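The structure file model_33.txt is reproduced below (compact mmCIF, C-alpha atoms).
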```
# COMPACT_ATOMS: atom_id res chain seq x y z
CA MET A 1 43.94 37.29 5.86
CA LYS A 2 47.45 36.45 7.03
CA LEU A 3 48.78 37.28 10.48
CA LEU A 4 52.54 37.79 10.74
CA ILE A 5 54.02 37.78 14.23
CA ILE A 6 57.33 39.64 14.25
CA SER A 7 59.72 39.16 17.15
CA GLY A 8 63.43 39.17 17.88
CA THR A 9 66.18 40.57 20.03
CA SER A 10 66.24 44.30 20.71
CA GLY A 11 68.42 46.05 18.14
CA ALA A 12 68.17 43.27 15.56
CA GLY A 13 65.75 45.16 13.29
CA LYS A 14 62.18 44.25 14.28
CA SER A 15 60.98 47.83 13.77
CA VAL A 16 62.60 47.91 10.32
CA VAL A 17 60.70 44.74 9.39
CA LEU A 18 57.38 46.18 10.60
CA HIS A 19 57.91 49.38 8.60
CA ALA A 20 58.83 47.35 5.51
CA LEU A 21 55.63 45.31 5.80
CA GLU A 22 53.59 48.48 6.25
CA ASP A 23 55.08 49.81 3.02
CA ILE A 24 53.69 46.84 1.07
CA GLY A 25 50.17 47.29 2.42
CA GLY A 26 50.18 45.50 5.75
CA TYR A 27 48.44 46.76 8.87
CA CYS A 28 51.15 46.82 11.53
CA ILE A 29 51.08 47.29 15.27
CA ASP A 30 54.11 47.14 17.56
CA ASN A 31 54.33 45.67 21.06
CA LEU A 32 50.79 44.36 21.38
CA PRO A 33 50.25 42.53 24.71
CA MET A 34 50.57 38.86 23.82
CA ALA A 35 47.38 37.84 25.61
CA LEU A 36 45.40 40.18 23.34
CA LEU A 37 46.54 38.48 20.13
CA PRO A 38 43.40 36.30 19.65
CA ALA A 39 41.02 39.18 20.36
CA PHE A 40 42.98 41.54 18.13
CA ALA A 41 43.01 39.04 15.25
CA LYS A 42 39.24 38.53 15.54
CA GLU A 43 38.66 42.27 15.59
CA MET A 44 40.65 42.73 12.40
CA ILE A 45 38.85 39.87 10.64
CA ASP A 46 35.45 41.26 11.60
CA ALA A 47 36.31 44.92 10.90
CA PRO A 48 33.51 46.21 8.63
CA HIS A 49 35.40 49.20 7.22
CA ARG A 50 38.37 47.41 5.68
CA HIS A 51 39.68 43.92 5.15
CA TYR A 52 43.45 43.67 5.30
CA GLU A 53 45.20 40.85 3.47
CA MET A 54 48.13 41.03 5.87
CA ILE A 55 48.46 42.06 9.53
CA ALA A 56 51.81 42.21 11.31
CA VAL A 57 52.16 42.32 15.09
CA GLY A 58 55.41 42.96 16.93
CA LEU A 59 56.21 41.08 20.14
CA ASP A 60 59.36 41.73 22.16
CA ALA A 61 60.79 41.93 25.66
CA ARG A 62 58.80 45.12 26.41
CA ASN A 63 55.59 43.10 26.39
CA LEU A 64 53.35 43.70 29.41
CA ASN A 65 53.01 39.96 29.88
CA ASN A 66 56.51 38.54 29.56
CA ASP A 67 55.42 34.94 30.18
CA PHE A 68 56.27 33.92 26.63
CA ALA A 69 56.00 30.22 27.58
CA THR A 70 52.30 30.51 26.69
CA PHE A 71 53.05 31.68 23.16
CA PRO A 72 52.90 28.21 21.49
CA THR A 73 49.43 27.67 22.98
CA ILE A 74 48.19 31.06 21.79
CA LEU A 75 49.63 30.39 18.33
CA GLN A 76 47.80 27.07 18.11
CA GLN A 77 44.55 28.80 19.10
CA LEU A 78 45.01 31.30 16.28
CA LYS A 79 45.71 28.57 13.72
CA LYS A 80 42.72 26.48 14.86
CA SER A 81 40.49 29.49 14.22
CA GLY A 82 41.36 29.17 10.53
CA LEU A 83 43.75 32.12 10.46
CA THR A 84 46.96 31.81 8.46
CA CYS A 85 49.78 32.62 10.88
CA GLU A 86 53.51 32.91 10.33
CA VAL A 87 56.23 33.82 12.82
CA ILE A 88 59.34 35.78 11.79
CA PHE A 89 62.22 36.04 14.28
CA ILE A 90 65.03 38.58 13.80
CA ASP A 91 68.37 38.15 15.56
CA ALA A 92 71.99 39.29 15.40
CA THR A 93 75.24 38.32 17.10
CA ASP A 94 76.02 39.71 20.56
CA ASP A 95 78.89 41.90 19.37
CA ILE A 96 76.72 43.49 16.67
CA LEU A 97 73.86 44.17 19.10
CA ILE A 98 76.27 45.74 21.61
CA LYS A 99 77.77 47.89 18.85
CA ARG A 100 74.33 49.07 17.69
CA PHE A 101 73.26 50.07 21.20
CA SER A 102 76.56 51.89 21.71
CA GLU A 103 76.27 53.79 18.43
CA THR A 104 72.64 54.83 18.90
CA ARG A 105 72.91 55.33 22.68
CA ARG A 106 69.60 53.53 23.08
CA ARG A 107 68.80 51.72 26.29
CA HIS A 108 68.12 48.01 26.16
CA PRO A 109 64.66 47.30 27.70
CA LEU A 110 66.10 44.80 30.20
CA THR A 111 69.09 46.80 31.43
CA ASP A 112 69.16 48.63 34.75
CA ASN A 113 71.74 49.62 37.34
CA GLU A 114 72.41 45.97 38.18
CA VAL A 115 72.02 44.33 34.75
CA PRO A 116 74.72 45.18 32.16
CA LEU A 117 74.00 45.10 28.43
CA GLU A 118 75.67 41.72 27.79
CA GLU A 119 73.57 40.04 30.49
CA ALA A 120 70.38 41.77 29.28
CA ILE A 121 70.91 40.36 25.76
CA LEU A 122 71.32 36.86 27.20
CA GLN A 123 68.21 37.23 29.37
CA GLU A 124 66.21 38.48 26.40
CA ARG A 125 67.19 35.49 24.25
CA MET A 126 66.06 33.11 27.00
CA LEU A 127 62.83 35.08 27.42
CA LEU A 128 62.01 34.94 23.71
CA LYS A 129 63.06 31.32 23.21
CA PRO A 130 59.43 30.03 23.01
CA ILE A 131 58.76 32.44 20.13
CA ALA A 132 62.02 31.66 18.33
CA GLY A 133 61.18 27.96 18.58
CA GLU A 134 57.94 28.54 16.62
CA ALA A 135 59.51 30.72 13.92
CA ASP A 136 58.72 29.92 10.30
CA ILE A 137 61.66 32.06 9.24
CA GLN A 138 64.67 33.32 11.18
CA LEU A 139 66.74 36.21 9.87
CA ASP A 140 70.24 37.14 10.96
CA SER A 141 70.70 40.87 10.49
CA SER A 142 74.32 40.95 11.70
CA ARG A 143 75.72 41.71 8.24
CA THR A 144 72.61 43.38 6.84
CA ASN A 145 71.98 47.12 6.79
CA ILE A 146 68.54 48.70 7.09
CA HIS A 147 67.94 48.90 3.34
CA GLN A 148 69.00 45.29 2.72
CA LEU A 149 66.80 44.02 5.53
CA ARG A 150 63.80 45.95 4.20
CA GLU A 151 64.35 44.57 0.70
CA LEU A 152 64.82 41.00 1.96
CA ILE A 153 61.64 40.96 4.04
CA GLN A 154 59.55 42.64 1.32
CA LYS A 155 60.69 40.10 -1.27
CA THR A 156 60.27 37.15 1.08
CA VAL A 157 56.76 38.07 2.21
CA GLY A 158 55.48 40.25 -0.61
CA GLU A 159 56.44 38.09 -3.59
CA ARG A 160 55.41 34.76 -2.14
CA HIS A 161 51.99 33.18 -2.67
CA ASP A 162 50.33 31.57 0.34
CA THR A 163 50.27 28.13 -1.29
CA GLU A 164 53.97 27.83 -2.09
CA MET A 165 57.24 27.53 -0.22
CA SER A 166 59.82 30.24 -0.77
CA VAL A 167 63.48 29.16 -1.04
CA LEU A 168 66.30 31.63 -0.41
CA PHE A 169 69.68 30.75 -1.91
CA GLN A 170 72.37 32.75 -0.12
CA SER A 171 76.12 32.95 -0.68
CA PHE A 172 78.46 33.84 2.18
CA GLY A 173 82.10 33.80 3.27
CA PHE A 174 83.12 31.55 6.15
CA LYS A 175 85.69 34.10 7.30
CA HIS A 176 82.80 36.49 7.99
CA GLY A 177 80.73 33.98 9.97
CA ILE A 178 78.05 31.39 9.26
CA PRO A 179 74.52 32.78 8.61
CA LEU A 180 72.42 31.94 11.65
CA GLU A 181 69.17 31.66 9.73
CA ALA A 182 70.31 28.95 7.29
CA ASP A 183 68.43 25.63 7.19
CA PHE A 184 71.14 24.01 5.05
CA ILE A 185 74.81 25.02 4.76
CA PHE A 186 77.04 23.67 2.01
CA ASP A 187 80.81 24.21 2.24
CA VAL A 188 82.43 24.68 -1.19
CA ARG A 189 85.89 25.79 -0.02
CA CYS A 190 87.33 22.57 -1.46
CA LEU A 191 86.70 23.80 -5.03
CA PRO A 192 89.28 25.57 -7.23
CA ASN A 193 89.54 29.20 -6.12
CA PRO A 194 89.48 32.01 -8.72
CA HIS A 195 91.02 34.26 -6.07
CA TRP A 196 94.44 32.90 -7.00
CA GLU A 197 94.03 34.10 -10.60
CA PRO A 198 95.13 37.79 -10.55
CA ARG A 199 92.80 38.75 -13.43
CA LEU A 200 89.80 37.16 -11.68
CA ARG A 201 90.50 38.34 -8.12
CA PRO A 202 88.59 41.67 -8.33
CA LEU A 203 85.59 40.02 -10.06
CA SER A 204 82.72 38.02 -8.56
CA GLY A 205 80.97 34.76 -9.32
CA ARG A 206 78.40 36.68 -11.35
CA ASP A 207 81.00 37.75 -13.93
CA PRO A 208 81.29 35.63 -17.11
CA GLU A 209 85.07 35.27 -16.75
CA VAL A 210 84.74 33.70 -13.29
CA ALA A 211 81.84 31.52 -14.41
CA HIS A 212 83.91 30.26 -17.36
CA PHE A 213 86.84 29.45 -15.06
CA LEU A 214 84.67 27.46 -12.66
CA GLU A 215 82.60 25.69 -15.32
CA ASN A 216 85.80 24.22 -16.75
CA HIS A 217 86.53 22.31 -13.53
CA PHE A 218 84.99 18.88 -13.07
CA GLU A 219 84.80 19.30 -9.28
CA VAL A 220 82.62 22.40 -9.58
CA ASN A 221 80.12 20.73 -11.88
CA ARG A 222 80.09 17.67 -9.66
CA MET A 223 79.38 19.80 -6.57
CA LEU A 224 76.54 21.59 -8.37
CA GLU A 225 75.11 18.24 -9.44
CA HIS A 226 75.24 16.82 -5.92
CA ILE A 227 73.72 19.88 -4.19
CA SER A 228 70.93 20.22 -6.76
CA GLY A 229 70.21 16.49 -6.57
CA PHE A 230 69.93 16.62 -2.79
CA LEU A 231 67.57 19.60 -2.92
CA GLU A 232 65.45 18.09 -5.69
CA GLN A 233 64.97 15.06 -3.45
CA TRP A 234 64.12 16.89 -0.25
CA LEU A 235 62.49 20.23 -1.11
CA PRO A 236 59.15 18.54 -1.89
CA GLN A 237 59.26 16.88 1.54
CA PHE A 238 59.67 20.24 3.27
CA ALA A 239 56.88 21.75 1.17
CA ALA A 240 54.62 18.80 2.06
CA ASP A 241 55.37 19.51 5.72
CA ASN A 242 53.82 22.97 5.28
CA ARG A 243 57.11 24.84 5.48
CA SER A 244 56.73 28.40 4.24
CA TYR A 245 60.38 29.34 3.95
CA LEU A 246 63.70 27.53 3.50
CA THR A 247 67.19 29.06 3.42
CA VAL A 248 70.02 27.28 1.62
CA ALA A 249 73.44 28.85 2.27
CA ILE A 250 76.50 28.17 0.10
CA GLY A 251 79.80 29.20 1.63
CA CYS A 252 83.34 29.66 0.36
CA THR A 253 86.24 31.45 2.01
CA GLY A 254 85.39 35.07 1.17
CA GLY A 255 81.90 34.76 -0.33
CA GLN A 256 82.93 36.41 -3.60
CA HIS A 257 83.56 33.77 -6.26
CA ARG A 258 82.68 30.08 -5.79
CA SER A 259 79.66 30.44 -3.51
CA VAL A 260 78.25 33.29 -5.63
CA PHE A 261 78.61 31.25 -8.82
CA LEU A 262 76.87 28.21 -7.33
CA VAL A 263 74.04 30.27 -5.83
CA GLU A 264 73.41 31.87 -9.23
CA ARG A 265 73.34 28.47 -10.94
CA LEU A 266 71.11 26.88 -8.30
CA SER A 267 68.70 29.82 -8.42
CA GLN A 268 68.41 29.54 -12.20
CA LEU A 269 67.92 25.78 -12.04
CA PHE A 270 65.17 25.75 -9.40
CA ARG A 271 63.42 28.85 -10.74
CA LYS A 272 62.89 26.94 -13.98
CA LYS A 273 61.15 24.24 -11.93
CA GLY A 274 58.51 26.76 -10.87
CA ILE A 275 59.75 27.19 -7.29
CA ALA A 276 59.58 30.65 -5.68
CA ILE A 277 63.28 31.54 -5.48
CA LEU A 278 65.05 34.42 -3.76
CA THR A 279 68.76 35.09 -4.20
CA ARG A 280 71.09 36.96 -1.88
CA HIS A 281 74.88 37.43 -1.91
CA ARG A 282 75.71 38.47 1.63
CA GLU A 283 79.30 39.59 1.13
CA LEU A 284 78.66 41.33 -2.20
CA SER A 285 76.05 43.47 -0.45
```
Could you spell out this file's structure in structure tokens?
Amino acid sequence: MKLLIISGTSGAGKSVVLHALEDIGGYCIDNLPMALLPAFAKEMIDAPHRHYEMIAVGLDARNLNNDFATFPTILQQLKKSGLTCEVIFIDATDDILIKRFSETRRRHPLTDNEVPLEEAILQERMLLKPIAGEADIQLDSSRTNIHQLRELIQKTVGERHDTEMSVLFQSFGFKHGIPLEADFIFDVRCLPNPHWEPRLRPLSGRDPEVAHFLENHFEVNRMLEHISGFLEQWLPQFAADNRSYLTVAIGCTGGQHRSVFLVERLSQLFRKKGIAILTRHRELS
């Protein structure tokens, strides 16, 4: 049985993640008091009526015991008991969180008459820092809608075997912001840009015409060779260190042509090596 601990800032999408995990057969419970985690896990393991392969528990700022400094100790206790545990932390930028609360008219759990929303978000991040520091995977939902977040978490968790590391190759545009969850970021803005070819401008890096344009440039092939060589060298080291997830982000100016092309090529290359690969094009979504 695997225990997934889901946490993150209010408004970032923790409830969406829990619902997505429930849809793929997980037993999910939201806002369990943190101190009850070990007892709850034991109860689920020993439950005679049904054995769940996956249990997901949500922890956030509403927790009855907000002393999250004890979380690393509790997590170690769970792992020492032989339980497979993974922590997923969901976050978004301040402006996106403020916008979401304004649109839904929800109240942030830490706001009151003396604490404005901006300050509550900052306080919450500090409160949850011990959990974020233990996260196996961090997701930035700033530019992800509900459906995309559901699909991403279901693919990441549902399609991965316990014994292998999952690698997400993600394209993005620097002008839209750097993805917060990335473990590696490669900047490919120095490469020839199909944007300046009028016939290629409306297309993406997944289209054959754009791929042909880029493949005919030495710099593009050299960049692909260098990035793939680096990852071939170091991915086994991360897997040996018991990493469950790794995110590799490739960025160009707009996230439409060069980064998309390289992510597609890298995904094909490493998928052939038997690695569990996920692909996401943030700006195309």
For the contact check between segment 113-202 of chain A and segment 59-79 of chain A, emit one row per residue of segment 113-202 of chain A within 10 Å, containing the shortest atom pair and the distance in Å rounded to one decimal, counting all atoms listed in the file, chain then rising number order, as a tab-separated table.
```
residue	atom	partner	partner_atom	distance
A:Gln123	CA	A:Ala61	CA	9.5
A:Glu124	CA	A:Ala61	CA	6.5
A:Arg125	CA	A:Ala61	CA	9.2
A:Met126	CA	A:Phe68	CA	9.8
A:Leu127	CA	A:Phe68	CA	6.7
A:Leu128	CA	A:Phe68	CA	6.5
A:Lys129	CA	A:Phe68	CA	8.0
A:Pro130	CA	A:Ala69	CA	5.7
A:Ile131	CA	A:Phe71	CA	6.5
A:Gly133	CA	A:Pro72	CA	8.8
A:Glu134	CA	A:Pro72	CA	7.0
```
Atoms kept (C-alpha atoms) for selection, written as a short mmCIF file (atom, residue, chain, number, x, y, z; two decimals), in the coordinates of the input:
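For reference, out-v4.cif as written:
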```cif
data_model
loop_
_atom_site.label_atom_id
_atom_site.label_comp_id
_atom_site.auth_asym_id
_atom_site.auth_seq_id
_atom_site.Cartn_x
_atom_site.Cartn_y
_atom_site.Cartn_z
CA GLN A 123 68.21 37.23 29.37
CA GLU A 124 66.21 38.48 26.40
CA ARG A 125 67.19 35.49 24.25
CA MET A 126 66.06 33.11 27.00
CA LEU A 127 62.83 35.08 27.42
CA LEU A 128 62.01 34.94 23.71
CA LYS A 129 63.06 31.32 23.21
CA PRO A 130 59.43 30.03 23.01
CA ILE A 131 58.76 32.44 20.13
CA GLY A 133 61.18 27.96 18.58
CA GLU A 134 57.94 28.54 16.62
#
```
Residue neighbourhood segment 183-198 of chain A, 6 Å, all atoms listed in the file, exclusion window fewer than 5 positions, as a PyMOL selection string:
chain A and resi 247-252
Please, could you write that set of residues out with C-alpha atoms as a compact mmCIF listing (two decimals), in the coordinates of the input?
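What ended up in part_12.txt:
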```
# COMPACT_ATOMS: atom_id res chain seq x y z
CA THR A 247 67.19 29.06 3.42
CA VAL A 248 70.02 27.28 1.62
CA ALA A 249 73.44 28.85 2.27
CA ILE A 250 76.50 28.17 0.10
CA GLY A 251 79.80 29.20 1.63
CA CYS A 252 83.34 29.66 0.36
```
Give me, as CSV, the closest atom pair and its distance (Å, one decimal) for every residue of segment 188-231 of chain A within a cut-off of 10 Å of segment 262-268 of chain A, counting all atoms listed in the file, rows sorted by chain and rising number.
```
residue,atom,partner,partner_atom,distance
A:Val188,CA,A:Leu262,CA,9.0
A:Gly205,CA,A:Leu262,CA,8.0
A:Arg206,CA,A:Glu264,CA,7.2
A:Ala211,CA,A:Leu262,CA,9.3
A:Leu214,CA,A:Leu262,CA,9.5
A:Val220,CA,A:Leu262,CA,8.5
A:Asn221,CA,A:Leu262,CA,9.3
A:Met223,CA,A:Leu262,CA,8.8
A:Leu224,CA,A:Leu262,CA,6.7
A:Glu225,CA,A:Leu266,CA,9.6
A:Ile227,CA,A:Leu266,CA,8.5
A:Ser228,CA,A:Leu266,CA,6.8
A:Leu231,CA,A:Leu266,CA,9.7
```
Extract, using all atoms listed in the file, all DNA, RNA and protein residues at most 10 Å from Leu21 of chain A, discarding same-chain residues fewer than 6 positions from it, and format them as a ChimeraX atom specification.
/A:4,15,27-28,54-56,150,153-154,157-158
Residues around (41.2, 39.7, 8.9), cut-off 10 Å, counting only C-alpha atoms - what are they as a count of residues only?
19
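Put simply, atom CA of Asp136 of chain A is 20.0 Å away from atom CA of Gln148 of chain A.
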Return segment 92-125 of chain A, completed with N, CA and C atoms, as a short mmCIF file (atom, residue, chain, number, x, y, z; two decimals), keeping the file's coordinate frame.
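Resulting contents of selection-v8.cif:
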```cif
data_model
loop_
_atom_site.label_atom_id
_atom_site.label_comp_id
_atom_site.auth_asym_id
_atom_site.auth_seq_id
_atom_site.Cartn_x
_atom_site.Cartn_y
_atom_site.Cartn_z
N ALA A 92 70.65 38.89 15.82
CA ALA A 92 71.99 39.29 15.40
C ALA A 92 72.97 38.80 16.46
N THR A 93 74.24 38.78 16.15
CA THR A 93 75.24 38.32 17.10
C THR A 93 75.39 39.32 18.23
N ASP A 94 75.89 38.85 19.37
CA ASP A 94 76.02 39.71 20.56
C ASP A 94 76.87 40.94 20.28
N ASP A 95 78.00 40.75 19.59
CA ASP A 95 78.89 41.90 19.37
C ASP A 95 78.23 42.96 18.49
N ILE A 96 77.41 42.53 17.53
CA ILE A 96 76.72 43.49 16.67
C ILE A 96 75.64 44.23 17.46
N LEU A 97 74.90 43.51 18.29
CA LEU A 97 73.86 44.17 19.10
C LEU A 97 74.49 45.19 20.06
N ILE A 98 75.60 44.82 20.69
CA ILE A 98 76.27 45.74 21.61
C ILE A 98 76.75 46.98 20.86
N LYS A 99 77.29 46.77 19.66
CA LYS A 99 77.77 47.89 18.85
C LYS A 99 76.63 48.82 18.48
N ARG A 100 75.47 48.25 18.10
CA ARG A 100 74.33 49.07 17.69
C ARG A 100 73.81 49.90 18.85
N PHE A 101 73.74 49.30 20.04
CA PHE A 101 73.26 50.07 21.20
C PHE A 101 74.26 51.17 21.56
N SER A 102 75.54 50.89 21.39
CA SER A 102 76.56 51.89 21.71
C SER A 102 76.50 53.05 20.73
N GLU A 103 76.28 52.74 19.45
CA GLU A 103 76.27 53.79 18.43
C GLU A 103 75.02 54.67 18.53
N THR A 104 73.89 54.07 18.85
CA THR A 104 72.64 54.83 18.90
C THR A 104 72.36 55.40 20.29
N ARG A 105 73.10 54.92 21.28
CA ARG A 105 72.91 55.33 22.68
C ARG A 105 71.50 55.02 23.19
N ARG A 106 70.90 53.99 22.58
CA ARG A 106 69.60 53.53 23.08
C ARG A 106 69.80 52.67 24.31
N ARG A 107 68.75 52.55 25.10
CA ARG A 107 68.80 51.72 26.29
C ARG A 107 68.09 50.41 26.01
N HIS A 108 68.75 49.31 26.32
CA HIS A 108 68.12 48.01 26.16
C HIS A 108 66.98 47.89 27.18
N PRO A 109 65.82 47.34 26.79
CA PRO A 109 64.66 47.30 27.70
C PRO A 109 64.88 46.50 28.98
N LEU A 110 65.88 45.62 29.01
CA LEU A 110 66.10 44.80 30.20
C LEU A 110 67.28 45.25 31.04
N THR A 111 67.95 46.32 30.64
CA THR A 111 69.09 46.80 31.43
C THR A 111 68.60 47.69 32.56
N ASP A 112 69.36 47.69 33.64
CA ASP A 112 69.16 48.63 34.75
C ASP A 112 70.50 48.79 35.45
N ASN A 113 70.49 49.35 36.64
CA ASN A 113 71.74 49.62 37.34
C ASN A 113 72.49 48.34 37.72
N GLU A 114 71.78 47.23 37.77
CA GLU A 114 72.41 45.97 38.18
C GLU A 114 72.57 44.98 37.03
N VAL A 115 71.96 45.26 35.89
CA VAL A 115 72.02 44.33 34.75
C VAL A 115 72.74 45.01 33.59
N PRO A 116 73.99 44.59 33.29
CA PRO A 116 74.72 45.18 32.16
C PRO A 116 74.14 44.72 30.83
N LEU A 117 74.55 45.36 29.75
CA LEU A 117 74.00 45.10 28.43
C LEU A 117 74.20 43.64 28.00
N GLU A 118 75.39 43.10 28.21
CA GLU A 118 75.67 41.72 27.79
C GLU A 118 74.72 40.73 28.47
N GLU A 119 74.47 40.93 29.75
CA GLU A 119 73.57 40.04 30.49
C GLU A 119 72.12 40.24 30.04
N ALA A 120 71.75 41.49 29.73
CA ALA A 120 70.38 41.77 29.28
C ALA A 120 70.10 41.07 27.95
N ILE A 121 71.07 41.04 27.05
CA ILE A 121 70.91 40.36 25.76
C ILE A 121 70.70 38.87 25.98
N LEU A 122 71.47 38.29 26.90
CA LEU A 122 71.32 36.86 27.20
C LEU A 122 69.95 36.57 27.81
N GLN A 123 69.53 37.40 28.75
CA GLN A 123 68.21 37.23 29.37
C GLN A 123 67.09 37.33 28.34
N GLU A 124 67.23 38.28 27.41
CA GLU A 124 66.21 38.48 26.40
C GLU A 124 66.09 37.26 25.49
N ARG A 125 67.23 36.68 25.11
CA ARG A 125 67.19 35.49 24.25
C ARG A 125 66.48 34.34 24.96
#
```
